[in-house]
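Asker: Below: one structure in structure tokens.
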Amino acid sequence: MQRLLTFVLSASPYAGQAAGSALTLAGAARDAGHRAAVFATADGVSGFVKDQQTAGVFDVGAAAAAFLSRGGEVHL
């Protein structure tokens with residue numbers, strides 16, 4: 001049975017692993033056949049800015065783009 005899972009993201013994209021974890025879990029839910037949505041608020045919105053440059057950390061921008069390309073939903 002397909003379920004809707006909504007992940008709330010309010011943490012800065014590179015202040016810890018909250019953004020990476022939320023996007024990884026949302027992507028896994030989507031890959032398992034569920035509807036997955038990320039509700040980004042406050043600093044969490046910063047993770048969805050296109051063309052961010054990162055070095056040596058989890059690339060939140062690329063993970064966000066991949067999640068969207070696989071049919072994930074994002075609500076800002």
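Residue names in the structure tokens use chain letters A, B, ... in the order shown, residue numbers from 1 in each chain, and ligand numbers from 1 in the order shown.
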As an MDAnalysis selection string, please: every residue in chain A that a backbone DSSP assignment puts in strand (DSSP E).
Answerer: chainID A and resid 4:9 35:40 73:75
Asker: Just the residues within 12 Å of Val49 in chain A, please, counting only C-alpha atoms, with nothing from its chain fewer than 5 positions along; format it as a PyMOL selection string.
Answerer: chain A and resi 12-13+40+43-44+59-65+76
Asker: Which is closest to Gly20 in chain A among A:Ala32, A:Asp51, A:Gly72, A:Phe7, if we use only C-alpha atoms?
Answerer: A:Phe7
Asker: Quick one: DSSP alpha helix (DSSP H) residues in chain A, as a ChimeraX atom specification?
Answerer: /A:18-31,60-69
Asker: Write out, as a PDB file, in the first residue's frame, the residues just selected, with C-alpha atoms.
Answerer:
```
ATOM      1  CA  ALA A  18      19.633  16.696   9.526  1.00  0.00           C
ATOM      2  CA  ALA A  19      19.172  17.835   5.913  1.00  0.00           C
ATOM      3  CA  GLY A  20      21.127  14.915   4.513  1.00  0.00           C
ATOM      4  CA  SER A  21      19.218  12.442   6.651  1.00  0.00           C
ATOM      5  CA  ALA A  22      15.824  13.886   5.722  1.00  0.00           C
ATOM      6  CA  LEU A  23      16.608  13.758   1.995  1.00  0.00           C
ATOM      7  CA  THR A  24      18.099  10.264   2.224  1.00  0.00           C
ATOM      8  CA  LEU A  25      15.049   8.951   4.091  1.00  0.00           C
ATOM      9  CA  ALA A  26      12.634  10.709   1.745  1.00  0.00           C
ATOM     10  CA  GLY A  27      14.466   9.282  -1.270  1.00  0.00           C
ATOM     11  CA  ALA A  28      14.402   5.774   0.202  1.00  0.00           C
ATOM     12  CA  ALA A  29      10.674   6.086   0.875  1.00  0.00           C
ATOM     13  CA  ARG A  30      10.132   7.226  -2.709  1.00  0.00           C
ATOM     14  CA  ASP A  31      12.249   4.355  -4.058  1.00  0.00           C
ATOM     15  CA  VAL A  60      22.427  18.624   0.006  1.00  0.00           C
ATOM     16  CA  GLY A  61      21.702  20.531  -3.214  1.00  0.00           C
ATOM     17  CA  ALA A  62      22.479  17.519  -5.390  1.00  0.00           C
ATOM     18  CA  ALA A  63      20.449  15.239  -3.109  1.00  0.00           C
ATOM     19  CA  ALA A  64      17.514  17.652  -3.320  1.00  0.00           C
ATOM     20  CA  ALA A  65      17.734  17.750  -7.117  1.00  0.00           C
ATOM     21  CA  ALA A  66      17.908  13.943  -7.303  1.00  0.00           C
ATOM     22  CA  PHE A  67      14.899  13.604  -4.989  1.00  0.00           C
ATOM     23  CA  LEU A  68      12.884  15.994  -7.154  1.00  0.00           C
ATOM     24  CA  SER A  69      13.915  14.245 -10.374  1.00  0.00           C
TER      25      SER A  69
END
```
Asker: If you measure from CA of Phe39 in chain A to CA of Ala11 in chain A, what distance in Å do you get, rounded to one decimal?
Answerer: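 So the two atoms, CA of Phe39 in chain A and CA of Ala11 in chain A, lie 11.5 Å apart.
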Asker: Tell me which protein, DNA and RNA residues are within 7 Å of Arg35 in chain A, counting only C-alpha atoms, leaving out same-chain ones fewer than 2 positions away, and put them as a PyMOL selection string.
Answerer: chain A and resi 2-5+30+33+37
Asker: Between CA of Gln53 in chain A and CA of Ala15 in chain A, what is the distance in Å, rounded to a tenth?
Answerer: 15.0 Å
Asker: Find the residue from A:Met1, A:Thr6, A:His34, A:Tyr14 that sits nearest to Phe58 in chain A; use only C-alpha atoms when measuring.
Answerer: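 Of the candidates, the smallest distance to Phe58 in chain A is held by A:Tyr14.
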